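A.B. asks: entry08.cif is reproduced below (mmCIF, C-alpha atoms).
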data_upload
loop_
_atom_site.label_atom_id
_atom_site.label_comp_id
_atom_site.auth_asym_id
_atom_site.auth_seq_id
_atom_site.Cartn_x
_atom_site.Cartn_y
_atom_site.Cartn_z
CA MET A 27 0.00 0.00 0.00
CA ARG A 28 1.40 3.37 -1.02
CA PHE A 29 0.00 6.76 -0.09
CA GLU A 30 0.01 9.75 -2.39
CA PRO A 31 1.93 12.88 -1.42
CA VAL A 32 -0.24 15.57 0.16
CA ALA A 33 -0.13 19.28 -0.54
CA PRO A 34 0.90 21.41 2.41
CA VAL A 35 -1.93 23.46 3.90
CA ARG A 36 -1.23 27.15 3.83
CA ALA A 37 -1.86 29.21 6.93
CA TYR A 38 -4.33 31.53 5.21
CA GLU A 39 -6.51 28.50 4.33
CA ARG A 40 -6.83 27.67 8.02
CA VAL A 41 -7.85 31.25 8.72
CA VAL A 42 -10.49 31.04 5.97
CA GLU A 43 -11.80 27.73 7.35
CA GLN A 44 -12.26 29.11 10.86
CA ILE A 45 -14.03 32.27 9.72
CA GLU A 46 -16.25 30.30 7.32
CA GLN A 47 -17.19 27.91 10.13
CA ALA A 48 -18.03 30.82 12.42
CA VAL A 49 -20.37 32.22 9.75
CA ILE A 50 -21.99 28.85 9.01
CA SER A 51 -22.54 28.09 12.71
CA GLY A 52 -24.04 31.52 13.34
CA ASP A 53 -21.31 32.65 15.71
CA LEU A 54 -20.70 35.43 13.17
CA LYS A 55 -23.95 36.88 11.86
CA PRO A 56 -24.63 39.02 8.75
CA GLY A 57 -23.88 42.64 9.49
CA GLU A 58 -21.36 41.91 12.22
CA ARG A 59 -17.74 42.96 11.85
CA LEU A 60 -14.57 40.94 11.99
CA PRO A 61 -11.81 42.20 14.26
CA SER A 62 -9.17 44.53 12.83
CA GLU A 63 -6.23 43.09 10.89
CA ARG A 64 -3.97 43.57 13.91
CA GLU A 65 -6.40 41.76 16.20
CA LEU A 66 -6.80 38.92 13.70
CA MET A 67 -3.01 38.61 13.48
CA THR A 68 -2.88 38.25 17.26
CA GLN A 69 -5.76 35.78 17.52
CA PHE A 70 -4.54 33.52 14.69
CA GLY A 71 -0.83 33.92 15.45
CA VAL A 72 0.09 34.74 11.84
CA GLY A 73 1.52 37.66 9.89
CA ARG A 74 -0.25 40.48 8.10
CA SER A 75 0.21 38.94 4.63
CA THR A 76 -1.55 35.75 5.75
CA ILE A 77 -4.53 37.68 7.14
CA ARG A 78 -4.79 39.82 4.03
CA GLU A 79 -4.75 36.76 1.76
CA ALA A 80 -7.47 35.11 3.86
CA LEU A 81 -9.61 38.25 3.72
CA ARG A 82 -9.09 38.45 -0.04
CA VAL A 83 -10.37 34.89 -0.44
CA LEU A 84 -13.37 35.52 1.80
CA GLN A 85 -14.23 38.71 -0.06
CA ALA A 86 -13.97 36.95 -3.44
CA ALA A 87 -16.40 34.35 -2.09
CA GLU A 88 -18.72 37.21 -1.03
CA MET A 89 -18.69 36.14 2.61
CA ILE A 90 -17.32 39.49 3.76
CA ARG A 91 -17.11 43.05 2.45
CA SER A 92 -14.19 45.33 3.18
CA ARG A 93 -14.22 49.00 2.19
CA PRO A 94 -10.95 50.90 1.72
CA GLY A 95 -10.42 53.43 4.49
CA ASP A 96 -13.12 51.94 6.73
CA PRO A 97 -11.66 51.89 10.26
CA ARG A 98 -14.00 49.08 11.25
CA GLY A 99 -13.27 45.45 10.42
CA PRO A 100 -14.73 43.68 7.36
CA GLU A 101 -18.50 43.21 7.38
CA VAL A 102 -19.98 39.69 7.36
CA LEU A 103 -22.44 39.31 4.45
CA ALA A 104 -25.63 37.30 4.24
CA ALA A 105 -25.67 34.28 1.92
CA SER A 106 -26.17 35.55 -1.63
CA PRO A 107 -28.20 33.76 -4.31
CA ALA A 108 -26.15 35.71 -6.87
CA ALA A 109 -22.94 34.16 -5.54
CA LEU A 110 -24.45 30.68 -5.78
CA HIS A 111 -25.58 31.46 -9.32
CA ARG A 112 -22.06 32.40 -10.36
CA SER A 113 -20.53 29.34 -8.69
CA MET A 114 -22.98 26.97 -10.34
CA HIS A 115 -22.51 28.63 -13.72
CA ARG A 116 -18.73 28.12 -13.51
CA LEU A 117 -19.24 24.48 -12.55
CA ALA A 118 -21.74 23.84 -15.33
CA ARG A 119 -19.32 25.33 -17.89
CA ALA A 120 -16.36 23.27 -16.65
CA ASP A 121 -14.65 21.07 -19.22
CA HIS A 122 -15.30 17.87 -17.26
CA VAL A 123 -19.09 18.39 -17.32
CA GLY A 124 -20.52 17.17 -20.61
CA LEU A 125 -23.84 17.75 -22.33
CA ALA A 126 -25.16 14.36 -21.19
CA GLU A 127 -24.57 15.27 -17.53
CA LEU A 128 -26.08 18.73 -17.99
CA LEU A 129 -29.18 17.37 -19.68
CA GLN A 130 -29.50 14.63 -17.06
CA PHE A 131 -29.27 17.23 -14.30
CA ARG A 132 -31.86 19.43 -15.98
CA MET A 133 -34.24 16.48 -16.32
CA ILE A 134 -33.87 15.85 -12.58
CA LEU A 135 -34.43 19.52 -11.76
CA ASP A 136 -37.38 19.98 -14.11
CA GLY A 137 -39.02 16.78 -12.94
CA SER A 138 -38.69 17.82 -9.31
CA ALA A 139 -39.92 21.36 -9.99
CA HIS A 140 -42.99 20.11 -11.85
CA LEU A 141 -43.74 17.56 -9.13
CA LEU A 142 -43.56 20.23 -6.42
CA ALA A 143 -45.58 22.67 -8.51
CA ALA A 144 -48.44 20.20 -8.77
CA GLU A 145 -48.36 19.63 -5.01
CA LEU A 146 -47.90 23.22 -3.84
CA ARG A 147 -49.63 25.39 -6.46
CA THR A 148 -52.18 27.94 -5.35
CA GLU A 149 -54.89 29.64 -7.38
CA ALA A 150 -52.57 32.65 -7.73
CA ASP A 151 -49.85 30.35 -9.09
CA LEU A 152 -52.27 28.87 -11.62
CA THR A 153 -53.20 32.38 -12.72
CA GLY A 154 -49.51 33.08 -13.32
CA LEU A 155 -49.13 29.92 -15.39
CA ASP A 156 -52.26 30.74 -17.35
CA ALA A 157 -50.81 34.17 -18.17
CA ALA A 158 -47.46 32.66 -19.22
CA LEU A 159 -49.22 30.12 -21.44
CA GLU A 160 -51.31 32.87 -23.03
CA SER A 161 -48.10 34.79 -23.78
CA MET A 162 -46.73 31.68 -25.49
CA ARG A 163 -49.94 31.40 -27.50
CA GLU A 164 -49.58 35.01 -28.63
CA GLY A 165 -45.89 34.40 -29.34
CA VAL A 166 -46.73 31.83 -32.01
CA SER A 167 -48.00 34.64 -34.25
CA ARG A 168 -45.53 37.28 -33.04
CA GLY A 169 -42.42 35.27 -33.80
CA TYR A 170 -39.71 33.08 -32.33
CA ALA A 171 -38.19 35.70 -30.00
CA GLU A 172 -41.50 36.47 -28.27
CA PHE A 173 -42.39 32.79 -28.03
CA SER A 174 -38.99 31.90 -26.57
CA ARG A 175 -39.25 34.59 -23.86
CA ALA A 176 -42.72 33.38 -22.91
CA ASP A 177 -41.45 29.78 -22.81
CA VAL A 178 -38.70 30.76 -20.37
CA ALA A 179 -41.20 32.71 -18.26
CA PHE A 180 -43.46 29.64 -18.02
CA HIS A 181 -40.61 27.55 -16.62
CA GLU A 182 -39.58 30.32 -14.23
CA VAL A 183 -43.09 30.39 -12.78
CA ILE A 184 -43.00 26.62 -12.23
CA ALA A 185 -39.63 26.87 -10.49
CA ARG A 186 -40.90 29.64 -8.21
CA ILE A 187 -43.94 27.58 -7.25
CA SER A 188 -41.54 25.03 -5.74
CA ARG A 189 -40.85 27.64 -3.02
CA ASN A 190 -37.21 26.53 -3.07
CA PRO A 191 -34.69 29.27 -3.99
CA LEU A 192 -31.93 26.70 -4.61
CA LEU A 193 -34.10 24.96 -7.18
CA VAL A 194 -34.93 28.29 -8.83
CA ILE A 195 -31.23 29.19 -9.17
CA SER A 196 -30.18 25.72 -10.31
CA GLU A 197 -32.93 25.62 -12.93
CA GLU A 198 -31.94 29.02 -14.30
CA VAL A 199 -28.24 28.18 -14.55
CA VAL A 200 -28.60 24.75 -16.12
CA ARG A 201 -31.32 25.89 -18.52
CA GLY A 202 -29.11 28.70 -19.74
CA VAL A 203 -26.01 26.57 -20.19
CA VAL A 204 -27.88 23.82 -22.05
CA LEU A 205 -29.30 26.40 -24.45
CA GLU A 206 -25.83 27.87 -24.98
CA LEU A 207 -24.37 24.48 -25.88
CA ILE A 208 -27.14 23.28 -28.19
CA GLU A 209 -28.27 24.84 -31.44
CA ASP A 210 -31.73 26.25 -30.92
CA LYS A 211 -34.19 23.95 -32.64
CA LEU A 212 -36.63 26.75 -33.35
CA GLU A 213 -33.99 28.89 -35.03
CA HIS A 214 -33.14 26.15 -37.50
CA ALA A 215 -36.52 24.46 -37.87
CA SER A 216 -37.97 24.27 -41.37
CA ASN A 217 -41.42 25.09 -40.01
CA ARG A 218 -41.11 27.20 -36.87
CA THR A 219 -44.83 27.77 -36.51
CA SER A 220 -45.56 24.04 -36.47
CA LEU A 221 -42.86 23.43 -33.87
CA MET A 222 -44.03 26.31 -31.68
CA ARG A 223 -47.57 24.95 -31.76
CA ALA A 224 -46.30 21.51 -30.73
CA TRP A 225 -44.44 23.03 -27.79
CA LEU A 226 -47.48 25.09 -26.89
CA ALA A 227 -49.58 21.93 -26.76
CA HIS A 228 -46.98 20.32 -24.49
CA HIS A 229 -47.05 23.25 -22.06
CA ALA A 230 -50.84 23.14 -22.02
CA GLU A 231 -50.64 19.47 -21.00
CA VAL A 232 -48.19 20.37 -18.23
CA LEU A 233 -50.51 23.07 -16.94
CA ASP A 234 -53.45 20.65 -16.97
CA ALA A 235 -51.44 18.15 -14.90
CA ILE A 236 -50.38 20.83 -12.40
CA ARG A 237 -53.95 22.12 -12.15
CA ALA A 238 -55.12 18.53 -11.49
CA GLU A 239 -52.42 18.16 -8.81
CA ASP A 240 -50.97 15.21 -10.71
CA GLY A 241 -47.30 15.60 -9.90
CA THR A 242 -46.28 12.28 -11.43
CA ALA A 243 -47.76 13.20 -14.80
CA ALA A 244 -46.32 16.73 -14.72
CA ALA A 245 -42.84 15.43 -13.89
CA HIS A 246 -42.96 12.79 -16.62
CA LEU A 247 -44.10 15.34 -19.22
CA ALA A 248 -41.20 17.62 -18.29
CA LYS A 249 -38.54 14.93 -18.52
CA GLN A 250 -39.92 13.39 -21.70
CA ALA A 251 -40.01 16.77 -23.45
CA LEU A 252 -36.38 17.48 -22.57
CA TYR A 253 -35.33 14.06 -23.84
CA ASP A 254 -37.34 14.40 -27.05
CA ASN A 255 -35.95 17.87 -27.80
CA TYR A 256 -32.31 17.53 -26.81
CA ALA A 257 -31.23 13.87 -26.64
CA GLU A 258 -30.29 13.95 -30.34
CA TYR A 259 -27.43 16.32 -29.45
CA VAL A 260 -26.02 13.84 -26.92
CA PRO A 261 -23.61 11.17 -28.28
CA ALA A 262 -25.54 7.92 -28.76
CA GLY A 263 -23.38 6.01 -26.29
CA GLN A 264 -24.19 8.47 -23.51
CA ARG A 265 -27.97 8.53 -23.90
CA THR A 266 -28.25 5.60 -21.50
CA LEU A 267 -27.54 8.13 -18.73
CA LEU A 268 -30.90 9.70 -19.49
CA MET A 269 -33.12 6.67 -19.90
CA PRO A 270 -33.65 5.80 -16.19
CA LEU A 271 -35.13 9.25 -15.62
CA LEU A 272 -37.89 8.52 -18.13
CA GLN A 273 -38.91 5.47 -16.12
CA SER A 274 -39.19 7.20 -12.75
#
Rewrite the structure of this file - the entire thing - as structure tokens.

C.D. replies:
Amino acid sequence: MRFEPVAPVRAYERVVEQIEQAVISGDLKPGERLPSERELMTQFGVGRSTIREALRVLQAAEMIRSRPGDPRGPEVLAASPAALHRSMHRLARADHVGLAELLQFRMILDGSAHLLAAELRTEADLTGLDAALESMREGVSRGYAEFSRADVAFHEVIARISRNPLLVISEEVVRGVVLELIEDKLEHASNRTSLMRAWLAHHAEVLDAIRAEDGTAAAHLAKQALYDNYAEYVPAGQRTLLMPLLQS
């Protein structure tokens, strides 16, 4: 048995870990201030360069905010959905994440969002979906751009109905990256109007399932539509990653 060499841990990383843990545990709350650089040097037993590097990392991660010339210590920030959005977007665009994995993840997200929407929807939520569907209907005659915006709005409403901000952010990121990586079918379709009408009919079915509180049907419709529209862009040997999701 042989062990692999380990990278030495830098002192600033230990400083970051302790401050992060204090924020996560609630010992440091949003709006509170960290001690001054000098006090942090004393408490951690390290030099000024180490503290400054740790603060730089924490600020880049949007856990703290430090203003030049402010005599007070850095301010602890509340968790930011925008920061999570950026982190997920970088991960989704990473070279080691392929289209098959992205599409698989979106099928999982969409299926879950539709399932929750059918369980949690209120009359106000249904009104919002009705309005989004009507915008899609109008978009068929107004053109691809209008239809596409209404389509996105429909899915955003469903994600919001889940009442889960993490699901909303994840849906938005993965939806955007998938669309960036795949040629838009509408843009290159020989008969855009026919395709838009087919998609409109699909969304109407989804709304009917959500209105009927049939989460299983709504989830299946969502996953099947993603597979039908985008699986052709996934290498044939990788499509098996997607098939189990159509059976659940």

A.B. asks: How far is it from atom CA of Val42 of chain A to atom CA of Val199 of chain A, in Å with one decimal?

C.D. replies: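 Atom CA of Val42 of chain A sits 27.3 Å away from atom CA of Val199 of chain A.
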
A.B. asks: Using only C-alpha atoms, which of the listed residues (A:Ala104, A:Ala227, A:Ile236, A:Ala37) sits closest to Glu79 of chain A?

C.D. replies: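 So, comparing all the options, the nearest one is A:Ala37.
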
A.B. asks: Kindly indicate which residue among A:Glu149, A:Glu258, A:Glu182, A:Asp177 lies nearest to Leu125 of chain A, using all atoms listed in the file for the distances.

C.D. replies: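 Closest candidate: A:Glu258.
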
A.B. asks: For Met162 of chain A, list every protein, DNA or RNA residue within 12 Å, evaluated using all atoms listed in the file, and leave out those in the same chain fewer than 3 positions away; present the list as a compact mmCIF listing (two decimals) with C-alpha atoms, in the frame of the given file.

C.D. replies:
# COMPACT_ATOMS: atom_id res chain seq x y z
CA LEU A 155 -49.13 29.92 -15.39
CA ASP A 156 -52.26 30.74 -17.35
CA ALA A 157 -50.81 34.17 -18.17
CA ALA A 158 -47.46 32.66 -19.22
CA LEU A 159 -49.22 30.12 -21.44
CA GLY A 165 -45.89 34.40 -29.34
CA VAL A 166 -46.73 31.83 -32.01
CA SER A 167 -48.00 34.64 -34.25
CA ARG A 168 -45.53 37.28 -33.04
CA GLY A 169 -42.42 35.27 -33.80
CA TYR A 170 -39.71 33.08 -32.33
CA ALA A 171 -38.19 35.70 -30.00
CA GLU A 172 -41.50 36.47 -28.27
CA PHE A 173 -42.39 32.79 -28.03
CA SER A 174 -38.99 31.90 -26.57
CA ARG A 175 -39.25 34.59 -23.86
CA ALA A 176 -42.72 33.38 -22.91
CA ASP A 177 -41.45 29.78 -22.81
CA VAL A 178 -38.70 30.76 -20.37
CA ALA A 179 -41.20 32.71 -18.26
CA PHE A 180 -43.46 29.64 -18.02
CA HIS A 181 -40.61 27.55 -16.62
CA THR A 219 -44.83 27.77 -36.51
CA MET A 222 -44.03 26.31 -31.68
CA ARG A 223 -47.57 24.95 -31.76
CA ALA A 224 -46.30 21.51 -30.73
CA TRP A 225 -44.44 23.03 -27.79
CA LEU A 226 -47.48 25.09 -26.89
CA ALA A 227 -49.58 21.93 -26.76
CA HIS A 228 -46.98 20.32 -24.49
CA HIS A 229 -47.05 23.25 -22.06
CA ALA A 230 -50.84 23.14 -22.02

A.B. asks: Run the PyMOL selection byres ((chain A and resi 260-271) around 8) on the file and write out the hits as a list in words.

C.D. replies: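 After applying the PyMOL selection byres ((chain A and resi 260-271) around 8), what remains is Leu125, Ala126, Glu127, Leu129, Gln130, Met133, Ile134, Lys249, Tyr253, Tyr256, Ala257, Glu258, Tyr259, Leu272, Gln273 and Ser274 of chain A.
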
A.B. asks: Grab the residues selected above and save them as an mmCIF file, in the frame of the given file with C-alpha atoms.

C.D. replies:
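The new file result_24.cif reads:
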data_model
loop_
_atom_site.group_PDB
_atom_site.id
_atom_site.type_symbol
_atom_site.label_atom_id
_atom_site.label_comp_id
_atom_site.auth_asym_id
_atom_site.auth_seq_id
_atom_site.Cartn_x
_atom_site.Cartn_y
_atom_site.Cartn_z
ATOM 1 C CA LEU A 125 -23.840 17.750 -22.330
ATOM 2 C CA ALA A 126 -25.160 14.360 -21.190
ATOM 3 C CA GLU A 127 -24.570 15.270 -17.530
ATOM 4 C CA LEU A 129 -29.180 17.370 -19.680
ATOM 5 C CA GLN A 130 -29.500 14.630 -17.060
ATOM 6 C CA MET A 133 -34.240 16.480 -16.320
ATOM 7 C CA ILE A 134 -33.870 15.850 -12.580
ATOM 8 C CA LYS A 249 -38.540 14.930 -18.520
ATOM 9 C CA TYR A 253 -35.330 14.060 -23.840
ATOM 10 C CA TYR A 256 -32.310 17.530 -26.810
ATOM 11 C CA ALA A 257 -31.230 13.870 -26.640
ATOM 12 C CA GLU A 258 -30.290 13.950 -30.340
ATOM 13 C CA TYR A 259 -27.430 16.320 -29.450
ATOM 14 C CA LEU A 272 -37.890 8.520 -18.130
ATOM 15 C CA GLN A 273 -38.910 5.470 -16.120
ATOM 16 C CA SER A 274 -39.190 7.200 -12.750
#

A.B. asks: Determine the nearest neighbour of Val72 of chain A from the options A:Leu54, A:Ile90, A:Leu252, A:Glu39, counting all atoms listed in the file.

C.D. replies: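 Looking at the shortest contact to Val72 of chain A, the residue is A:Glu39.
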
A.B. asks: Rounded to one decimal, what separation in Å do you get between atom CA of Arg112 of chain A and atom CA of Glu198 of chain A?

C.D. replies: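 About the pair atom CA of Arg112 of chain A and atom CA of Glu198 of chain A: they are 11.2 Å apart.
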